[in-house]
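Containing compact mmCIF, C-alpha atoms: upload09.txt.
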# COMPACT_ATOMS: atom_id res chain seq x y z
CA MET A 1 -22.72 23.70 -63.78
CA ARG A 2 -22.52 20.46 -65.81
CA LEU A 3 -22.56 22.51 -69.01
CA LEU A 4 -19.72 24.66 -67.67
CA ILE A 5 -17.65 21.57 -66.81
CA LEU A 6 -18.24 20.13 -70.28
CA ARG A 7 -17.14 23.40 -71.90
CA VAL A 8 -14.02 23.51 -69.76
CA ALA A 9 -13.18 19.94 -70.76
CA VAL A 10 -13.61 20.73 -74.45
CA ILE A 11 -11.47 23.85 -74.17
CA ALA A 12 -8.76 21.93 -72.28
CA ALA A 13 -8.73 19.22 -74.92
CA LEU A 14 -8.39 21.75 -77.71
CA PHE A 15 -5.75 23.68 -75.80
CA PHE A 16 -3.58 20.62 -75.39
CA GLY A 17 -4.15 19.55 -78.97
CA GLN A 18 -5.96 16.38 -77.92
CA PRO A 19 -9.10 14.94 -79.51
CA PHE A 20 -12.02 15.21 -77.11
CA GLN A 21 -14.22 12.30 -76.20
CA PRO A 22 -16.97 12.70 -73.58
CA GLU A 23 -16.49 10.73 -70.37
CA ALA A 24 -17.55 7.10 -70.66
CA LEU A 25 -17.37 5.04 -67.52
CA ALA A 26 -17.44 1.24 -67.57
CA TRP A 27 -19.11 -0.77 -64.83
CA HIS A 28 -20.33 1.32 -61.92
CA ASP A 29 -18.42 1.33 -58.64
CA LYS A 30 -20.04 -1.62 -56.86
CA THR A 31 -19.50 -3.82 -59.89
CA HIS A 32 -15.80 -2.91 -60.04
CA LEU A 33 -15.39 -3.51 -56.30
CA SER A 34 -17.12 -6.88 -56.57
CA ILE A 35 -14.90 -8.04 -59.43
CA ALA A 36 -11.78 -7.21 -57.39
CA GLU A 37 -13.13 -8.81 -54.22
CA ALA A 38 -14.21 -11.97 -56.03
CA ALA A 39 -10.69 -12.22 -57.47
CA GLY A 40 -9.22 -12.18 -53.95
CA PHE A 41 -7.59 -8.75 -54.06
CA ASP A 42 -6.87 -7.43 -50.57
CA LEU A 43 -7.35 -3.83 -51.73
CA TRP A 44 -10.64 -4.58 -53.50
CA TYR A 45 -12.13 -1.43 -51.97
CA SER A 46 -9.72 0.63 -54.13
CA ALA A 47 -10.86 -0.82 -57.45
CA ALA A 48 -13.02 2.20 -58.31
CA ALA A 49 -10.18 4.67 -57.61
CA PRO A 50 -9.06 4.96 -61.27
CA ASP A 51 -12.49 6.38 -62.15
CA VAL A 52 -12.10 8.83 -59.27
CA ALA A 53 -8.70 9.86 -60.63
CA LYS A 54 -9.91 10.48 -64.15
CA SER A 55 -12.86 12.51 -62.91
CA LYS A 56 -10.36 15.33 -62.25
CA GLU A 57 -9.66 17.27 -65.40
CA MET A 58 -5.92 17.47 -64.81
CA PHE A 59 -5.64 13.66 -64.75
CA SER A 60 -8.32 12.77 -67.30
CA LEU A 61 -6.24 13.31 -70.44
CA VAL A 62 -3.72 10.73 -69.23
CA GLU A 63 -5.96 8.28 -67.41
CA SER A 64 -9.10 8.12 -69.53
CA PRO A 65 -7.55 6.36 -72.58
CA ASN A 66 -6.42 3.55 -70.24
CA HIS A 67 -10.06 2.56 -69.77
CA TYR A 68 -11.22 1.67 -73.28
CA TYR A 69 -10.29 0.63 -76.78
CA ASN A 70 -12.82 1.77 -79.37
CA ASN A 71 -11.56 -0.59 -82.08
CA ASN A 72 -12.79 1.72 -84.82
CA ALA A 73 -11.63 -0.73 -87.51
CA ASN A 74 -13.73 -3.48 -85.89
CA ARG A 75 -10.85 -5.95 -85.94
CA LYS A 76 -10.64 -9.23 -84.07
CA VAL A 77 -8.65 -8.74 -80.87
CA THR A 78 -5.35 -10.61 -80.95
CA PRO A 79 -2.39 -10.90 -78.58
CA GLU A 80 -0.38 -8.87 -81.07
CA MET A 81 -2.92 -6.06 -80.84
CA VAL A 82 -2.64 -6.20 -77.05
CA MET A 83 1.16 -5.97 -77.03
CA ALA A 84 1.13 -3.12 -79.57
CA GLN A 85 -0.78 -1.00 -77.05
CA VAL A 86 1.60 -1.43 -74.13
CA GLU A 87 3.88 1.46 -75.10
CA ARG A 88 0.82 3.75 -75.20
CA TYR A 89 0.00 3.18 -71.53
CA ASN A 90 -0.55 6.55 -69.80
CA ARG A 91 -0.08 8.37 -73.11
CA PRO A 92 -2.51 11.31 -73.47
CA GLY A 93 -4.26 12.10 -76.71
CA ASP A 94 -4.94 8.53 -77.76
CA ASP A 95 -8.58 9.02 -78.68
CA GLU A 96 -9.11 5.36 -79.65
CA GLY A 97 -7.78 4.25 -76.27
CA HIS A 98 -5.37 1.52 -75.17
CA LEU A 99 -7.13 -0.49 -72.47
CA TYR A 100 -5.41 -3.75 -73.37
CA GLY A 101 -1.93 -2.28 -73.08
CA ALA A 102 -2.90 -0.58 -69.81
CA ILE A 103 -3.42 -3.94 -68.11
CA ILE A 104 0.08 -5.08 -68.98
CA GLY A 105 1.49 -1.63 -68.25
CA SER A 106 0.03 -1.64 -64.74
CA VAL A 107 1.44 -5.11 -64.08
CA ARG A 108 4.86 -3.90 -65.23
CA ASP A 109 4.54 -0.92 -62.89
CA TYR A 110 3.77 -3.27 -60.01
CA MET A 111 6.74 -5.52 -60.73
CA ALA A 112 9.12 -2.58 -61.15
CA MET A 113 8.01 -0.95 -57.90
CA LYS A 114 8.18 -4.26 -56.05
CA LYS A 115 11.70 -4.91 -57.30
CA SER A 116 12.79 -1.44 -56.15
CA GLY A 117 11.46 -2.10 -52.65
CA LYS A 118 8.64 0.44 -52.87
CA TYR A 119 5.07 -0.14 -51.75
CA ALA A 120 3.65 -1.65 -54.92
CA ARG A 121 -0.02 -2.50 -54.36
CA TYR A 122 -1.51 0.61 -55.95
CA PRO A 123 -0.65 -0.37 -59.55
CA LEU A 124 -2.66 -3.53 -58.92
CA ALA A 125 -5.66 -1.39 -57.97
CA PHE A 126 -5.42 0.16 -61.42
CA CYS A 127 -5.00 -3.29 -62.93
CA ALA A 128 -8.13 -4.51 -61.11
CA HIS A 129 -10.11 -1.64 -62.62
CA TYR A 130 -8.76 -2.17 -66.12
CA CYS A 131 -9.56 -5.89 -65.95
CA GLY A 132 -13.11 -4.92 -65.04
CA ASP A 133 -13.35 -2.48 -67.96
CA LEU A 134 -12.06 -5.21 -70.28
CA SER A 135 -15.22 -7.31 -70.15
CA MET A 136 -17.59 -4.37 -70.71
CA PRO A 137 -18.73 -4.68 -74.36
CA LEU A 138 -19.09 -0.96 -74.96
CA HIS A 139 -15.45 -0.40 -73.98
CA ASN A 140 -14.37 -2.63 -76.85
CA THR A 141 -16.44 -1.17 -79.69
CA PRO A 142 -16.70 2.20 -81.47
CA TYR A 143 -18.00 5.10 -79.42
CA ASP A 144 -20.89 5.70 -81.78
CA ASP A 145 -24.49 6.81 -81.23
CA PHE A 146 -25.52 3.37 -80.01
CA ASN A 147 -22.65 3.30 -77.51
CA LYS A 148 -23.39 6.79 -76.23
CA ALA A 149 -27.11 6.12 -75.83
CA ARG A 150 -26.74 2.75 -74.13
CA HIS A 151 -23.51 3.14 -72.16
CA GLY A 152 -24.83 4.35 -68.83
CA ILE A 153 -27.63 1.79 -68.69
CA ASN A 154 -25.31 -1.11 -69.46
CA ASP A 155 -22.77 0.07 -66.89
CA GLY A 156 -25.36 -0.48 -64.17
CA ILE A 157 -27.18 -3.68 -65.22
CA ILE A 158 -26.14 -5.56 -62.05
CA GLU A 159 -25.06 -2.65 -59.85
CA ASN A 160 -27.90 -3.17 -57.37
CA SER A 161 -27.37 -6.93 -57.00
CA VAL A 162 -23.69 -7.58 -57.49
CA ARG A 163 -22.54 -6.99 -53.89
CA ASN A 164 -24.86 -9.80 -52.84
CA ASN A 165 -23.55 -12.18 -55.50
CA ILE A 166 -19.78 -12.22 -54.97
CA GLY A 167 -20.00 -15.86 -53.90
CA TYR A 168 -21.79 -16.72 -57.13
CA ILE A 169 -19.09 -14.97 -59.17
CA GLN A 170 -16.39 -16.91 -57.32
CA ARG A 171 -18.14 -20.24 -57.85
CA MET A 172 -18.40 -19.59 -61.57
CA MET A 173 -14.82 -18.36 -62.04
CA THR A 174 -12.32 -20.39 -64.04
CA GLN A 175 -8.81 -19.06 -63.48
CA PRO A 176 -6.61 -19.22 -66.57
CA SER A 177 -2.94 -20.12 -66.31
CA ILE A 178 -0.58 -17.19 -66.68
CA SER A 179 3.18 -17.56 -66.40
CA SER A 180 4.43 -14.87 -68.80
CA GLU A 181 3.45 -11.64 -70.50
CA ALA A 182 2.68 -13.64 -73.62
CA ASP A 183 0.17 -15.71 -71.65
CA LEU A 184 -1.32 -12.52 -70.22
CA ALA A 185 -1.69 -11.02 -73.70
CA ASP A 186 -3.48 -14.18 -74.83
CA GLU A 187 -5.96 -13.99 -71.95
CA ILE A 188 -6.56 -10.26 -72.38
CA ALA A 189 -7.30 -10.84 -76.06
CA ALA A 190 -9.74 -13.65 -75.24
CA VAL A 191 -11.75 -11.56 -72.75
CA ALA A 192 -11.69 -8.50 -75.00
CA GLU A 193 -12.88 -10.47 -78.02
CA SER A 194 -15.76 -11.96 -76.03
CA ALA A 195 -16.76 -8.44 -75.02
CA ARG A 196 -16.42 -7.11 -78.57
CA MET A 197 -18.60 -9.89 -79.97
CA LEU A 198 -21.28 -9.28 -77.33
CA GLY A 199 -21.11 -5.58 -78.13
CA LEU A 200 -21.72 -6.31 -81.81
CA LYS A 201 -24.61 -8.61 -80.89
CA ILE A 202 -26.48 -6.12 -78.71
CA ARG A 203 -25.86 -3.39 -81.29
CA LYS A 204 -27.32 -5.56 -84.07
CA GLU A 205 -30.32 -6.41 -81.89
CA ASN A 206 -30.61 -2.82 -80.62
CA ARG A 207 -30.84 -3.79 -76.96
CA ASN A 208 -29.05 -3.74 -73.62
CA MET A 209 -27.24 -6.67 -72.07
CA THR A 210 -29.25 -9.14 -70.03
CA VAL A 211 -28.39 -9.80 -66.40
CA ASP A 212 -27.01 -13.23 -67.32
CA GLU A 213 -24.82 -11.78 -70.07
CA THR A 214 -23.52 -9.15 -67.68
CA TYR A 215 -22.59 -11.66 -64.99
CA THR A 216 -20.85 -13.80 -67.61
CA GLN A 217 -18.69 -10.83 -68.58
CA VAL A 218 -17.95 -9.85 -64.98
CA ILE A 219 -16.93 -13.43 -64.19
CA ARG A 220 -14.43 -13.27 -67.06
CA SER A 221 -12.90 -10.12 -65.58
CA ALA A 222 -12.66 -11.61 -62.09
CA SER A 223 -11.10 -14.81 -63.45
CA LEU A 224 -8.47 -12.85 -65.37
CA PHE A 225 -7.57 -10.60 -62.46
CA SER A 226 -7.36 -13.59 -60.10
CA ALA A 227 -4.88 -15.21 -62.49
CA ILE A 228 -2.85 -11.99 -62.64
CA LEU A 229 -2.68 -11.87 -58.84
CA ALA A 230 -1.53 -15.49 -58.71
CA TRP A 231 1.14 -14.84 -61.34
CA THR A 232 2.48 -11.70 -59.69
CA GLU A 233 2.64 -13.49 -56.35
CA ARG A 234 4.71 -16.27 -57.93
CA GLN A 235 6.97 -13.70 -59.54
CA GLN A 236 7.39 -11.98 -56.21
CA ALA A 237 8.50 -15.27 -54.66
CA VAL A 238 11.21 -15.76 -57.27
CA VAL A 239 14.38 -13.98 -56.13
CA PRO A 240 17.10 -13.71 -58.78
CA VAL A 241 20.40 -15.43 -57.97
CA ALA A 242 22.30 -12.13 -57.93
CA ASP A 243 19.81 -10.71 -55.42
CA ARG A 244 20.10 -13.78 -53.18
CA GLN A 245 23.88 -13.43 -53.17
CA ALA A 246 23.61 -9.74 -52.30
CA VAL A 247 21.38 -10.56 -49.34
CA THR A 248 23.72 -13.24 -47.97
CA GLU A 249 26.96 -11.31 -48.43
Have the structure of the file written as structure tokens, please.
Amino acid sequence: MRLLILRVAVIAALFFGQPFQPEALAWHDKTHLSIAEAAGFDLWYSAAAPDVAKSKEMFSLVESPNHYYNNNANRKVTPEMVMAQVERYNRPGDDEGHLYGAIIGSVRDYMAMKKSGKYARYPLAFCAHYCGDLSMPLHNTPYDDFNKARHGINDGIIENSVRNNIGYIQRMMTQPSISSEADLADEIAAVAESARMLGLKIRKENRNMTVDETYTQVIRSASLFSAILAWTERQQAVVPVADRQAVTE
């Protein structure tokens, strides 16, 4: 059955003219949920939903590239690189991925839906997941033989302990200050670069992450997402003058 599914995925990718990359998850579900809960997200239990969505073939071509950036040129991650990916959010066929732009794209979706009066929390569930993916070293480095062989193991380094250590993650968090998209791009670049450097280190040493290294990365994700939540809440509280006049008239 698994072989049949793989063949169908390959055929679908070829049919749509898209380069095919086998499925590569980031942290396992409990780790994603714990990052979101530690950050204070009320819908923390939805943080694994983006992986559920991309498990369906019809959604995978659009959703999967939002979860990684292979950085095939092995370049230092910069805010400019982050912003250059934003327009690729939800674009199928981007084999190298656009994780960094997906974080900003999901925040923009939230703000646009909130402004229109729609229920807007679901884009933040995607954002929570992307922020989790961001700190995973093998989602910031080329999808080579090392990545393929080690990916599953490194996804689950703390999966069996993390739900019992949310308090520890919270105590170790340091929330950055975000008040603009430029600030957000800076923070995304910082977390991504830390993950990329760790990815290069474990590749050079031909090993998996340690538990301590994994918690350090997860704490970075939770800190970033907590700052995003704080920023979006402040933005939500700011009502434009024109809107205030419309309400009072």
Enumerate, in order of chain and increasing residue number, the residues of range 72-102 of chain A with an atom no farther than 10 Å from range 169-182 of chain A, each with its shortest atom pair and distance in Å to one decimal, counting all atoms listed in the file, as CSV.
residue,atom,partner,partner_atom,distance
A:Pro79,CA,A:Ala182,CA,7.6
A:Glu80,CA,A:Ala182,CA,9.4
A:Val82,CA,A:Ala182,CA,9.8
A:Met83,CA,A:Ala182,CA,8.5
Exercise. Looking at A:Ser221, A:Asn164, A:Ser226, A:Ser106, which one is nearest to Trp27 in chain A, with distances taken over only C-alpha atoms?
Worked result: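 Using only C-alpha atoms, the shortest distance to Trp27 in chain A belongs to A:Ser221.
Taking all atoms listed in the file into account, Gly97 in chain A lies nearest to A:His139 out of the set A:Arg121, A:His139, A:Lys114, A:Lys148.
Using all atoms listed in the file, the smallest distance between any of A:Leu138, A:Ile228, A:Leu200, A:Ile188 and Val107 in chain A comes from A:Ile228.
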For this session: Determine the nearest neighbour of Ala49 in chain A from the options A:Ile153, A:Ala128, A:Ile104, A:Val218, counting all atoms listed in the file.
Result: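 For Ala49 in chain A, the nearest of the given residues is A:Ala128.
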Problem set entry | Two-atom distance - CA of Arg207 in chain A, CA of Asp29 in chain A (Å) |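 Interatomic distance here is 22.7 Å.
If you look at CA of Glu233 in chain A and CA of Tyr89 in chain A, they are 22.7 Å away from each other.
Compared by their closest atoms to Ser64 in chain A, and using all atoms listed in the file, the residues A:Leu43, A:Met136, A:Met111, A:Ala102 rank with A:Ala102 nearest.
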For this session: Name the closest residue to Pro142 in chain A among the candidates A:Arg203, A:Arg220, A:Arg91, A:Arg234; distances are taken between atoms, counting all atoms listed in the file.
Result: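 So, comparing all the options, the nearest one is A:Arg203.
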Problem set entry | Separation of CA of Thr232 in chain A from CA of Ala26 in chain A in Å | 25.0 Å
Give me, as a compact mmCIF listing (two decimals) with C-alpha atoms, in the frame of the given file, all polymer residues having an atom no more than 10 Å from Asn154 in chain A, counting only C-alpha atoms and skipping those fewer than 2 positions away in the same chain.
# COMPACT_ATOMS: atom_id res chain seq x y z
CA ALA A 26 -17.44 1.24 -67.57
CA TRP A 27 -19.11 -0.77 -64.83
CA HIS A 28 -20.33 1.32 -61.92
CA MET A 136 -17.59 -4.37 -70.71
CA PRO A 137 -18.73 -4.68 -74.36
CA LEU A 138 -19.09 -0.96 -74.96
CA ASN A 147 -22.65 3.30 -77.51
CA ALA A 149 -27.11 6.12 -75.83
CA ARG A 150 -26.74 2.75 -74.13
CA HIS A 151 -23.51 3.14 -72.16
CA GLY A 152 -24.83 4.35 -68.83
CA GLY A 156 -25.36 -0.48 -64.17
CA ILE A 157 -27.18 -3.68 -65.22
CA ILE A 158 -26.14 -5.56 -62.05
CA GLU A 159 -25.06 -2.65 -59.85
CA ARG A 207 -30.84 -3.79 -76.96
CA ASN A 208 -29.05 -3.74 -73.62
CA MET A 209 -27.24 -6.67 -72.07
CA THR A 210 -29.25 -9.14 -70.03
CA VAL A 211 -28.39 -9.80 -66.40
CA THR A 214 -23.52 -9.15 -67.68
